[in-house]
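**Student:** Provided below: start37.txt, containing compact mmCIF, C-alpha atoms.
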# COMPACT_ATOMS: atom_id res chain seq x y z
CA MET V 1 49.63 34.76 46.42
CA ARG V 2 46.23 35.61 47.81
CA THR V 3 44.91 35.55 44.27
CA ILE V 4 46.33 32.11 43.59
CA ALA V 5 44.78 30.77 46.79
CA THR V 6 41.43 32.22 45.74
CA VAL V 7 41.68 30.55 42.36
CA CYS V 8 42.38 27.21 43.97
CA THR V 9 39.41 27.56 46.27
CA LEU V 10 37.14 28.44 43.36
CA LEU V 11 38.30 25.40 41.42
CA LEU V 12 37.72 23.10 44.38
CA VAL V 13 34.23 24.46 44.90
CA ALA V 14 33.46 23.95 41.22
CA LYS V 15 34.81 20.39 41.28
CA GLY V 16 32.57 19.55 44.22
CA ALA V 17 29.50 20.62 42.30
CA VAL V 18 29.69 18.45 39.18
CA ALA V 19 26.15 18.68 37.88
CA GLY V 20 24.37 15.39 37.43
CA GLU V 21 27.08 13.50 39.29
CA ASP V 22 24.44 11.46 41.07
CA ALA V 23 22.13 11.11 38.10
CA VAL V 24 21.48 7.48 37.18
CA LEU V 25 21.80 6.24 33.61
CA ASP V 26 19.24 3.52 33.31
CA ILE V 27 18.28 2.20 29.88
CA GLU V 28 15.50 -0.36 29.59
CA GLY V 29 16.03 -1.60 33.12
CA GLU V 30 19.81 -1.82 32.84
CA THR V 31 21.84 0.47 35.11
CA PHE V 32 25.12 1.79 33.72
CA ILE V 33 28.28 2.63 35.64
CA THR V 34 28.79 6.34 34.97
CA LYS V 35 30.91 7.04 38.06
CA THR V 36 33.52 4.79 39.61
CA ALA V 37 36.98 4.72 41.17
CA ALA V 38 39.72 5.74 38.75
CA PRO V 39 41.96 2.94 37.49
CA ALA V 40 45.24 2.61 39.42
CA HIS V 41 47.36 4.07 36.62
CA MET V 42 45.68 7.50 36.92
CA GLU V 43 47.81 9.65 39.18
CA ASN V 44 45.78 12.85 39.38
CA VAL V 45 42.15 11.71 39.38
CA ASP V 46 40.29 9.70 42.04
CA THR V 47 36.93 9.24 40.39
CA ILE V 48 36.06 8.80 36.74
CA PHE V 49 32.79 9.96 35.22
CA SER V 50 31.08 9.21 31.96
CA GLY V 51 30.56 12.26 29.76
CA TRP V 52 26.84 11.59 30.21
CA VAL V 53 26.87 13.06 33.74
CA PHE V 54 28.14 16.41 32.45
CA ARG V 55 25.33 16.89 29.95
CA THR V 56 22.09 18.79 30.44
CA ASP V 57 18.93 17.01 31.59
CA GLU V 58 17.55 17.25 28.04
CA THR V 59 20.61 15.68 26.42
CA GLN V 60 20.80 13.02 29.13
CA ALA V 61 17.16 12.10 28.54
CA LEU V 62 17.79 11.30 24.87
CA GLN V 63 19.95 8.36 25.92
CA LEU V 64 17.47 6.86 28.37
CA ASP V 65 15.25 5.29 25.73
CA ASP V 66 16.52 3.70 22.52
CA PHE V 67 13.46 4.99 20.65
CA ASP V 68 14.40 8.56 21.58
CA ASN V 69 18.10 8.04 20.89
CA PRO V 70 18.78 9.49 17.42
CA ALA V 71 21.88 7.32 17.03
CA PHE V 72 19.75 4.25 16.39
CA VAL V 73 18.73 5.54 12.96
CA PHE V 74 22.38 5.06 11.99
CA VAL V 75 22.74 1.78 13.85
CA ASP V 76 19.73 0.47 11.89
CA GLN V 77 21.33 1.60 8.62
CA ALA V 78 24.44 -0.32 9.64
CA LEU V 79 22.29 -3.42 10.16
CA ASP V 80 21.25 -3.13 6.50
CA GLN V 81 24.89 -2.66 5.55
CA TRP V 82 25.67 -5.81 7.55
CA ASP V 83 23.73 -7.81 4.97
CA THR V 84 25.01 -5.92 1.92
CA ALA V 85 27.55 -7.72 -0.26
CA GLU V 86 30.54 -5.71 -1.44
CA GLY V 87 33.81 -6.16 -3.29
CA SER V 88 35.28 -8.79 -5.56
CA ALA V 89 34.31 -11.62 -3.21
CA GLY V 90 30.68 -10.53 -3.24
CA LYS V 91 30.46 -11.04 0.48
CA ALA V 92 28.54 -9.22 3.19
CA CYS V 93 29.44 -9.17 6.89
CA SER V 94 26.67 -11.70 7.37
CA SER V 95 28.32 -14.09 4.89
CA CYS V 96 30.95 -14.93 7.53
CA HIS V 97 29.41 -13.72 10.79
CA GLU V 98 26.19 -15.37 11.79
CA ASP V 99 25.05 -12.52 13.98
CA VAL V 100 26.55 -9.19 15.02
CA SER V 101 25.93 -10.20 18.64
CA GLU V 102 28.98 -12.46 18.37
CA PHE V 103 31.00 -9.26 18.89
CA GLU V 104 29.69 -8.82 22.42
CA GLY V 105 32.61 -7.69 24.59
CA LEU V 106 34.89 -6.60 21.75
CA LYS V 107 34.56 -2.81 22.21
CA ALA V 108 35.43 -3.07 25.91
CA LYS V 109 38.86 -4.48 25.00
CA LEU V 110 39.79 -2.13 22.14
CA PRO V 111 42.21 -0.85 21.01
CA ARG V 112 44.48 -3.88 21.52
CA VAL V 113 47.64 -5.29 20.01
CA GLU V 114 47.23 -8.02 17.38
CA ASN V 115 50.26 -9.49 15.61
CA GLY V 116 52.44 -6.66 16.86
CA GLU V 117 50.07 -3.91 15.64
CA LEU V 118 47.80 -1.72 17.72
CA VAL V 119 44.33 -2.15 16.20
CA THR V 120 41.08 -0.28 16.65
CA LEU V 121 37.59 -1.54 15.86
CA THR V 122 37.80 0.48 12.64
CA ASN V 123 40.99 -1.36 11.66
CA LEU V 124 39.32 -4.73 12.29
CA VAL V 125 36.32 -3.82 10.14
CA ASN V 126 38.57 -2.57 7.36
CA THR V 127 40.59 -5.80 7.43
CA CYS V 128 37.37 -7.68 6.69
CA VAL V 129 36.31 -5.15 4.05
CA THR V 130 39.58 -5.35 2.14
CA GLU V 131 40.77 -8.92 2.73
CA ARG V 132 37.58 -10.95 2.96
CA MET V 133 35.22 -8.86 0.85
CA GLY V 134 37.86 -7.64 -1.60
CA ALA V 135 36.40 -4.12 -1.42
CA GLU V 136 37.93 -0.68 -1.18
CA GLU V 137 38.81 0.35 2.38
CA TRP V 138 36.03 2.36 4.06
CA SER V 139 37.08 5.87 5.05
CA TYR V 140 38.06 6.05 8.72
CA SER V 141 35.25 8.28 9.98
CA GLY V 142 32.88 8.05 7.01
CA SER V 143 29.21 7.25 7.52
CA LYS V 144 29.54 3.55 6.58
CA MET V 145 32.37 3.03 9.07
CA SER V 146 30.96 5.16 11.90
CA GLY V 147 27.62 3.35 11.61
CA MET V 148 29.15 -0.13 11.47
CA THR V 149 31.52 0.48 14.38
CA ALA V 150 28.60 1.91 16.38
CA LEU V 151 26.57 -1.25 15.64
CA ILE V 152 29.42 -3.56 16.63
CA ALA V 153 30.40 -1.55 19.73
CA HIS V 154 26.73 -1.48 20.75
CA GLN V 155 26.91 -5.25 21.27
CA SER V 156 29.09 -4.51 24.33
CA ARG V 157 26.74 -1.92 25.81
CA GLY V 158 26.64 -2.23 29.60
CA MET V 159 29.96 -4.07 29.86
CA ALA V 160 32.83 -2.36 31.69
CA MET V 161 35.66 -0.86 29.63
CA ASP V 162 38.74 -3.01 30.17
CA VAL V 163 41.60 -2.24 27.79
CA LYS V 164 44.98 -3.79 28.39
CA ILE V 165 47.82 -1.33 29.02
CA ASP V 166 50.76 -3.59 29.87
CA GLY V 167 52.84 -6.10 27.92
CA ASP V 168 52.91 -5.42 24.18
CA ALA V 169 50.35 -2.61 24.64
CA ALA V 170 52.69 -0.67 26.92
CA PRO V 171 54.71 1.28 24.31
CA HIS V 172 51.51 2.40 22.55
CA TRP V 173 49.96 3.35 25.88
CA GLU V 174 53.06 5.37 26.83
CA LEU V 175 52.92 7.23 23.51
CA GLY V 176 49.23 7.97 24.06
CA LYS V 177 49.95 9.26 27.55
CA GLU V 178 52.69 11.51 26.24
CA ILE V 179 50.31 12.98 23.65
CA TYR V 180 47.63 13.45 26.33
CA TYR V 181 49.95 15.62 28.41
CA THR V 182 51.68 17.54 25.58
CA ARG V 183 50.59 21.13 25.04
CA VAL V 184 49.92 21.84 21.39
CA GLY V 185 48.58 24.53 19.11
CA GLN V 186 48.53 28.29 19.30
CA LEU V 187 46.55 28.02 22.56
CA GLN V 188 49.23 25.68 23.98
CA MET V 189 46.85 23.27 25.66
CA ALA V 190 47.07 19.56 26.37
CA CYS V 191 44.11 17.19 26.71
CA ALA V 192 44.85 17.21 30.45
CA ASN V 193 44.46 20.98 30.84
CA CYS V 194 40.73 20.75 30.15
CA HIS V 195 39.77 17.13 30.78
CA GLU V 196 41.86 16.40 33.87
CA ASP V 197 42.41 19.80 35.52
CA ASN V 198 39.10 21.43 34.67
CA TYR V 199 36.36 18.85 34.22
CA GLY V 200 33.16 20.08 35.79
CA ASN V 201 33.94 23.68 34.92
CA MET V 202 32.15 25.66 32.26
CA ILE V 203 34.11 26.81 29.24
CA ARG V 204 31.71 29.27 27.62
CA ALA V 205 28.47 27.31 27.24
CA ASP V 206 30.12 23.92 27.45
CA HIS V 207 30.45 21.85 30.60
CA LEU V 208 33.93 20.29 30.44
CA SER V 209 33.87 16.51 30.81
CA GLN V 210 36.71 14.10 31.48
CA GLY V 211 36.87 13.35 27.78
CA GLN V 212 35.90 9.70 28.29
CA ILE V 213 35.24 7.61 25.18
CA ASN V 214 33.18 4.75 26.62
CA GLY V 215 30.15 6.01 24.68
CA PHE V 216 31.84 6.16 21.25
CA PRO V 217 30.97 6.01 18.46
CA LEU V 218 28.19 8.38 19.53
CA TYR V 219 25.60 10.79 18.24
CA ARG V 220 26.31 14.50 18.63
CA LEU V 221 23.49 17.03 18.54
CA LYS V 222 26.04 19.50 17.18
CA ASN V 223 26.36 17.76 13.82
CA ALA V 224 23.46 15.29 13.92
CA LYS V 225 25.53 12.25 13.04
CA ILE V 226 27.62 9.46 14.50
CA ASN V 227 31.02 10.74 15.62
CA THR V 228 34.15 8.63 15.99
CA THR V 229 36.88 9.00 18.61
CA HIS V 230 39.46 10.05 16.05
CA GLY V 231 37.03 12.56 14.56
CA ARG V 232 36.48 14.00 18.03
CA PHE V 233 40.23 14.15 18.76
CA LYS V 234 40.66 16.02 15.49
CA GLY V 235 37.96 18.54 16.44
CA CYS V 236 39.54 19.15 19.84
CA MET V 237 42.95 19.76 18.29
CA LYS V 238 41.53 22.22 15.78
CA ASN V 239 39.78 24.08 18.61
CA ILE V 240 43.12 24.76 20.22
CA ARG V 241 44.50 25.69 16.81
CA ALA V 242 46.76 22.66 16.54
CA THR V 243 47.40 20.58 13.43
CA PRO V 244 45.54 17.34 14.14
CA TYR V 245 47.08 13.94 13.63
CA LYS V 246 45.46 11.91 10.86
CA GLU V 247 42.48 9.72 11.65
CA GLY V 248 43.78 6.16 11.89
CA SER V 249 47.34 7.38 12.56
CA ALA V 250 49.63 5.64 15.05
CA GLU V 251 49.36 8.75 17.26
CA PHE V 252 45.55 8.82 17.39
CA LYS V 253 45.38 5.04 17.90
CA ALA V 254 47.80 5.36 20.82
CA LEU V 255 45.80 8.27 22.21
CA GLU V 256 42.61 6.23 21.83
CA LEU V 257 44.18 3.40 23.84
CA TYR V 258 45.35 5.78 26.56
CA VAL V 259 42.05 7.65 26.81
CA ALA V 260 40.12 4.35 26.76
CA SER V 261 42.29 3.16 29.65
CA ARG V 262 41.33 6.24 31.66
CA GLY V 263 37.77 4.95 31.39
CA ASN V 264 38.47 1.36 32.47
CA GLY V 265 35.57 0.51 34.78
CA LEU V 266 32.92 2.71 33.10
CA SER V 267 30.16 0.97 31.17
CA VAL V 268 30.23 0.95 27.39
CA GLU V 269 27.34 3.25 26.37
CA THR V 270 27.53 2.98 22.59
CA PRO V 271 25.73 4.63 20.98
CA ALA V 272 25.72 7.49 23.50
CA VAL V 273 24.23 10.95 22.89
CA ARG V 274 26.21 14.13 23.55
CA ASN V 275 25.91 17.81 22.68
CA MET U 1 63.26 50.48 8.13
CA LYS U 2 61.26 49.34 5.15
CA HIS U 3 63.08 46.01 5.27
CA ALA U 4 62.43 45.56 8.99
CA PHE U 5 58.77 46.31 8.40
CA ALA U 6 58.52 43.59 5.77
CA ILE U 7 60.05 41.01 8.11
CA ALA U 8 57.73 42.02 10.91
CA MET U 9 54.76 41.54 8.58
CA VAL U 10 55.77 37.95 8.03
CA VAL U 11 56.19 36.94 11.66
CA THR U 12 53.27 38.58 13.49
CA ALA U 13 49.50 38.59 13.26
CA VAL U 14 49.30 42.25 12.32
CA PRO U 15 51.70 44.91 11.10
CA VAL U 16 54.25 45.95 13.66
CA TRP U 17 54.71 49.70 13.67
CA ALA U 18 57.85 51.54 14.57
CA GLY U 19 58.29 51.69 18.32
CA GLU U 20 56.13 48.63 18.95
CA VAL U 21 57.56 45.89 21.15
CA THR U 22 57.64 42.60 19.22
CA PRO U 23 56.41 39.40 20.90
CA SER U 24 59.95 38.10 21.30
CA SER U 25 61.28 41.32 22.84
CA VAL U 26 58.70 41.86 25.60
CA SER U 27 60.54 42.55 28.84
CA PHE U 28 59.05 40.66 31.82
CA ASP U 29 60.29 41.28 35.37
CA GLU U 30 60.93 38.39 37.76
CA TYR U 31 57.22 38.27 38.75
CA GLY U 32 56.02 38.30 35.14
CA ALA U 33 55.02 41.97 35.02
CA VAL U 34 55.61 44.18 31.98
CA THR U 35 56.13 47.80 32.92
CA GLU U 36 56.50 49.33 29.50
CA SER U 37 53.57 49.79 27.13
CA LEU U 38 53.84 47.48 24.11
CA THR U 39 52.94 50.32 21.75
CA GLY U 40 53.40 53.64 23.49
CA VAL U 41 49.78 54.34 22.55
CA THR U 42 47.34 54.57 25.44
CA GLY U 43 45.01 51.57 25.48
CA ASP U 44 41.39 52.07 24.42
CA PRO U 45 39.14 50.39 27.00
CA GLU U 46 36.14 50.43 24.67
CA ASN U 47 37.95 48.45 22.00
CA GLY U 48 39.49 46.34 24.75
CA ALA U 49 36.00 45.29 25.84
CA LYS U 50 35.26 44.16 22.28
CA VAL U 51 38.50 42.18 22.02
CA PHE U 52 37.78 40.68 25.45
CA ALA U 53 34.38 39.32 24.38
CA ASN U 54 35.15 38.41 20.75
CA ARG U 55 35.47 34.63 20.32
CA LYS U 56 38.01 35.01 17.52
CA GLN U 57 40.13 37.48 19.51
CA GLY U 58 40.56 37.49 23.28
CA ASN U 59 37.58 35.20 23.99
CA CYS U 60 38.29 35.95 27.65
CA LEU U 61 34.67 35.23 28.62
CA ALA U 62 35.20 31.60 27.63
CA CYS U 63 37.05 31.09 30.88
CA HIS U 64 36.35 34.11 33.11
CA VAL U 65 33.25 35.52 34.78
CA ASN U 66 32.96 39.28 34.28
CA SER U 67 29.92 40.94 35.84
CA ASP U 68 30.60 44.07 33.79
CA MET U 69 29.38 41.98 30.83
CA ALA U 70 26.44 40.42 32.63
CA ASP U 71 24.34 40.79 29.45
CA ALA U 72 26.66 38.55 27.43
CA PRO U 73 25.74 34.85 27.72
CA PHE U 74 27.95 32.02 28.93
CA HIS U 75 30.78 33.19 31.12
CA GLY U 76 33.29 30.42 31.75
CA GLU U 77 34.70 29.32 35.10
CA VAL U 78 38.07 27.86 34.18
CA GLY U 79 39.90 30.99 35.38
CA PRO U 80 39.16 33.34 38.27
CA SER U 81 36.41 35.99 38.11
CA LEU U 82 37.70 39.29 36.80
CA ASP U 83 35.37 41.39 38.94
CA GLY U 84 37.49 43.98 40.72
CA VAL U 85 40.64 42.77 38.95
CA ALA U 86 41.92 46.38 38.70
CA GLY U 87 42.05 46.54 42.49
CA ARG U 88 44.07 43.35 42.82
CA TRP U 89 46.76 44.01 40.22
CA GLU U 90 48.86 46.87 38.90
CA ILE U 91 48.65 47.67 35.20
CA ALA U 92 52.13 46.18 34.65
CA ASP U 93 50.97 42.89 36.22
CA LEU U 94 47.91 42.73 34.00
CA ARG U 95 49.94 43.53 30.88
CA GLY U 96 52.30 40.68 31.75
CA ILE U 97 49.44 38.26 32.46
CA VAL U 98 47.68 39.03 29.19
CA ALA U 99 50.90 38.95 27.15
CA ASN U 100 52.14 35.67 28.66
CA SER U 101 50.52 34.54 31.90
CA LYS U 102 52.93 31.63 32.23
CA LYS U 103 55.54 34.15 33.43
CA THR U 104 53.25 34.95 36.39
CA PHE U 105 51.58 31.57 36.87
CA PRO U 106 53.88 28.78 35.68
CA GLY U 107 51.87 25.89 34.23
CA THR U 108 48.63 27.82 33.85
CA ILE U 109 46.10 26.68 31.25
CA MET U 110 45.73 30.33 30.12
CA PRO U 111 47.03 30.93 26.59
CA ALA U 112 49.77 33.50 26.03
CA PHE U 113 48.24 36.26 23.91
CA TYR U 114 51.44 37.96 22.81
CA ILE U 115 53.96 35.33 21.79
CA ASP U 116 54.61 34.13 18.27
CA ALA U 117 56.99 31.20 18.75
CA GLY U 118 57.34 28.01 20.76
CA TYR U 119 54.08 26.47 19.52
CA GLU U 120 53.95 22.66 19.00
CA ARG U 121 52.00 21.59 15.91
CA PRO U 122 50.20 24.91 15.37
CA LEU U 123 47.68 25.01 12.52
CA GLU U 124 49.61 26.40 9.56
CA LYS U 125 47.60 29.62 9.41
CA PHE U 126 48.46 30.49 13.03
CA SER U 127 52.11 29.48 12.89
CA GLY U 128 54.43 32.32 13.90
CA LYS U 129 51.50 34.53 14.83
CA SER U 130 50.39 36.02 18.14
CA LEU U 131 46.78 35.65 19.31
CA LEU U 132 46.44 39.40 19.74
CA SER U 133 48.28 42.42 18.36
CA ALA U 134 50.31 44.66 20.67
CA GLN U 135 47.61 47.32 20.59
CA GLN U 136 44.87 44.77 21.28
CA VAL U 137 46.82 43.69 24.38
CA GLU U 138 47.08 47.34 25.49
CA ASP U 139 43.35 47.83 24.84
CA VAL U 140 42.37 44.73 26.85
CA VAL U 141 44.63 45.83 29.70
CA ALA U 142 43.03 49.30 29.62
CA TYR U 143 39.61 47.64 29.80
CA LEU U 144 40.69 45.40 32.71
CA MET U 145 41.83 48.54 34.57
CA THR U 146 38.20 49.74 34.48
CA LEU U 147 37.02 46.64 36.39
CA THR U 148 37.19 48.11 39.87
CA GLU U 149 33.99 46.72 41.34
CA GLU U 150 34.26 43.50 43.30
For the structure just supplied, provide its representation as structure tokens.
**Tutor:**
Amino acid sequence: MRTIATVCTLLLVAKGAVAGEDAVLDIEGETFITKTAAPAHMENVDTIFSGWVFRTDETQALQLDDFDNPAFVFVDQALDQWDTAEGSAGKACSSCHEDVSEFEGLKAKLPRVENGELVTLTNLVNTCVTERMGAEEWSYSGSKMSGMTALIAHQSRGMAMDVKIDGDAAPHWELGKEIYYTRVGQLQMACANCHEDNYGNMIRADHLSQGQINGFPLYRLKNAKINTTHGRFKGCMKNIRATPYKEGSAEFKALELYVASRGNGLSVETPAVRN
Amino acid sequence: MKHAFAIAMVVTAVPVWAGEVTPSSVSFDEYGAVTESLTGVTGDPENGAKVFANRKQGNCLACHVNSDMADAPFHGEVGPSLDGVAGRWEIADLRGIVANSKKTFPGTIMPAFYIDAGYERPLEKFSGKSLLSAQQVEDVVAYLMTLTEE
């Protein structure tokens, strides 16, 4: 019993000392919300933090200036793709959409239910690619898609995440919540074990975050490319030796909605930089 | 015997030798302790230290501080420090905690290192396998019993 009490004390002390908790994310004069009150639906967490606050000073610095942020190489490539015609219709994104800035605000509301289906930004892009352009679907986390979704999500940078969880979104949100709290894999861990119970603690060399996705798609130093939420979910599941769900699956879309809802109130940071 | 050996090969990470307690037949007391050795072979603390630190084996440092390994980088802080752990627990307690800590601490994040069933969606290559072998558990426990300094 004494040992359990000691453990609890240690955890509390660690929680109180979240490094960088008071650091300010300010990009080109715009201040981002990286710490705010948890949305009402979260039962076990009072305050939500962007993953940015858990990163080292060096990694944090890369996001403070868009010229230093390596993600913008890929965002610029996506701007070229924006004007590139594809498919049987010979259309580019720019054939129908005057400017990518018309998507301001979209990322903050996604995933959402459209015509009875839960859709992600990737789904919306692929609908255009296949139906309007008459091209082959882009692979879910491939470089074309990760770049384009980063470019489109970037238009919402600075806006607060605000996904809908009630009404027709509710069953998807419930499924996502169930997945979040289900222990899987040989290590028998749920998302919550690390990202709710242990954020702020070190696991080996990594500072555990709350697993927020307000910065996605984002650049990871680990693999030097744009990473998608479903790609990241897959990596996490493999780490705990679980068979991941498929990228674009109903399960990962539901999990994306649930995890996004845990970040309601944090600023969109796309494209963020993480380790 | 030969037949039993073949079956054991299929369901555990490493060969199960005669006299070894299988993951499903470990006997925990009501507090989660395991009195009997899993192998009958005295644990080797030196090998236990290697299993403890190895990222593909125990990977215990991922979550626990251990001053005895101060030279190794990156000790985690998810679990309690293991400094002086030998003074806080009996060997049977430690064997139970390493084998399946959920019997001692219900709901703990700590993986069970000597079970081979009950996994949800395990990666195929780990399905039906324990994280450590019986002897590796004994070796880690023997190593933990050397950690007497607070």
**Student:** Show me, as a compact mmCIF listing (two decimals) with C-alpha atoms, in the coordinates of the input, every residue of chain V with an atom at most 7 Å from chain U, counting only C-alpha atoms.
**Tutor:**
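Ended up saving to iface01.txt:
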# COMPACT_ATOMS: atom_id res chain seq x y z
CA VAL V 7 41.68 30.55 42.36
CA VAL V 184 49.92 21.84 21.39
CA GLY V 185 48.58 24.53 19.11
CA GLN V 186 48.53 28.29 19.30
CA LEU V 187 46.55 28.02 22.56
CA GLN V 188 49.23 25.68 23.98
CA MET V 189 46.85 23.27 25.66
CA ASN V 193 44.46 20.98 30.84
CA ASN V 198 39.10 21.43 34.67
CA ASN V 201 33.94 23.68 34.92
CA MET V 202 32.15 25.66 32.26
CA ILE V 203 34.11 26.81 29.24
CA ARG V 204 31.71 29.27 27.62
CA ALA V 205 28.47 27.31 27.24
CA ARG V 241 44.50 25.69 16.81
CA ALA V 242 46.76 22.66 16.54
CA THR V 243 47.40 20.58 13.43
**Student:** Between V:Leu64, V:Leu124, V:Cys96, V:Glu43, which residue has the minimum interatomic distance to Thr31 (chain V), considering only C-alpha atoms?
**Tutor:**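 Ranked by minimum distance to Thr31 (chain V), first place goes to V:Leu64.
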**Student:** What does the distance between CA of Leu62 (chain V) and CA of Asp76 (chain V) come to in Å, to one decimal place?
**Tutor:**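 Separation between CA of Leu62 (chain V) and CA of Asp76 (chain V): 17.0 Å.
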**Student:** Restricting the calculation to all atoms listed in the file, which member of V:Phe72, V:Ala92, V:Leu175, V:Glu102 is positioned closest to Glu251 (chain V)?
**Tutor:**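 Among the listed residues, V:Leu175 lies closest to Glu251 (chain V).
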**Student:** Report as a PyMOL selection string all protein, DNA and RNA residues lying within 10 Å of Thr229 (chain V), evaluated on all atoms listed in the file, omitting residues in the same chain fewer than 5 positions from it.
**Tutor:** chain V and resi 141+146+212-218+234-235+247+252-253+255-256+259-260
**Student:** Excluding Lys225 (chain V) and any residue of its chain fewer than 3 positions from it, enumerate the residues within 10 Å of it, using only C-alpha atoms, and give them as number ranges by chain.
**Tutor:** V: 70-71, 73-74, 143, 146-147, 217-222, 228
**Student:** Could you name the residues that touch Leu144 (chain U) at 9 Å or less, counting all atoms listed in the file, but leaving out those on the same chain fewer than 5 positions away, as a list in words?
**Tutor:**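 So the residues in contact are Pro45, Gly48, Ala49, Leu82, Gly84, Val85, Ala86, Ile91, Leu94 and Asp139 of chain U.
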**Student:** Write the selection just made, keeping C-alpha atoms, as a PDB file, in the frame of the given file?
**Tutor:**
ATOM      1  CA  PRO U  45      39.140  50.390  27.000  1.00  0.00           C
ATOM      2  CA  GLY U  48      39.490  46.340  24.750  1.00  0.00           C
ATOM      3  CA  ALA U  49      36.000  45.290  25.840  1.00  0.00           C
ATOM      4  CA  LEU U  82      37.700  39.290  36.800  1.00  0.00           C
ATOM      5  CA  GLY U  84      37.490  43.980  40.720  1.00  0.00           C
ATOM      6  CA  VAL U  85      40.640  42.770  38.950  1.00  0.00           C
ATOM      7  CA  ALA U  86      41.920  46.380  38.700  1.00  0.00           C
ATOM      8  CA  ILE U  91      48.650  47.670  35.200  1.00  0.00           C
ATOM      9  CA  LEU U  94      47.910  42.730  34.000  1.00  0.00           C
ATOM     10  CA  ASP U 139      43.350  47.830  24.840  1.00  0.00           C
TER      11      ASP U 139
END
**Student:** May I have the centre and edge lengths, in Å to one decimal, of an axis-aligned box around the listed atoms of region 102-113 of chain V with 4 Å added to every side, as JSON?
**Tutor:**
{"center_x": 38.3, "center_y": -6.7, "center_z": 22.1, "size_x": 26.7, "size_y": 19.6, "size_z": 15.5}
**Student:** Calculated over all atoms listed in the file, which of the candidates V:Asp46, V:Asp80, V:Asp197, V:Asp168 has the smallest distance to Ser94 (chain V)?
**Tutor:** V:Asp80
**Student:** Distance CA of Ser25 (chain U)-CA of Val141 (chain U), one decimal place?
**Tutor:**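 Between CA of Ser25 (chain U) and CA of Val141 (chain U) the gap works out to 18.6 Å.
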**Student:** Please report the interatomic distance between CA of Thr36 (chain V) and CA of Ser50 (chain V) in Å with one decimal.
**Tutor:** 9.2 Å
**Student:** Taking all atoms listed in the file into account, name the residue in V:Ser249, V:Asn115, V:Ser209, V:Thr56 that is nearest to Gly231 (chain V).
**Tutor:**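 Among the listed residues, V:Ser249 lies closest to Gly231 (chain V).
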**Student:** With all atoms listed in the file as the basis for distance, which of U:Ser67, U:Asn100, U:Ser37, U:Asn54 is at the shortest distance from Gly19 (chain U)?
**Tutor:**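 Closest to Gly19 (chain U) of all the choices is U:Ser37.
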**Student:** I'd like to know which of V:Asn123, V:Thr59, V:Thr130, V:Thr270 is closest to Gly90 (chain V), using all atoms listed in the file.
**Tutor:** V:Thr130
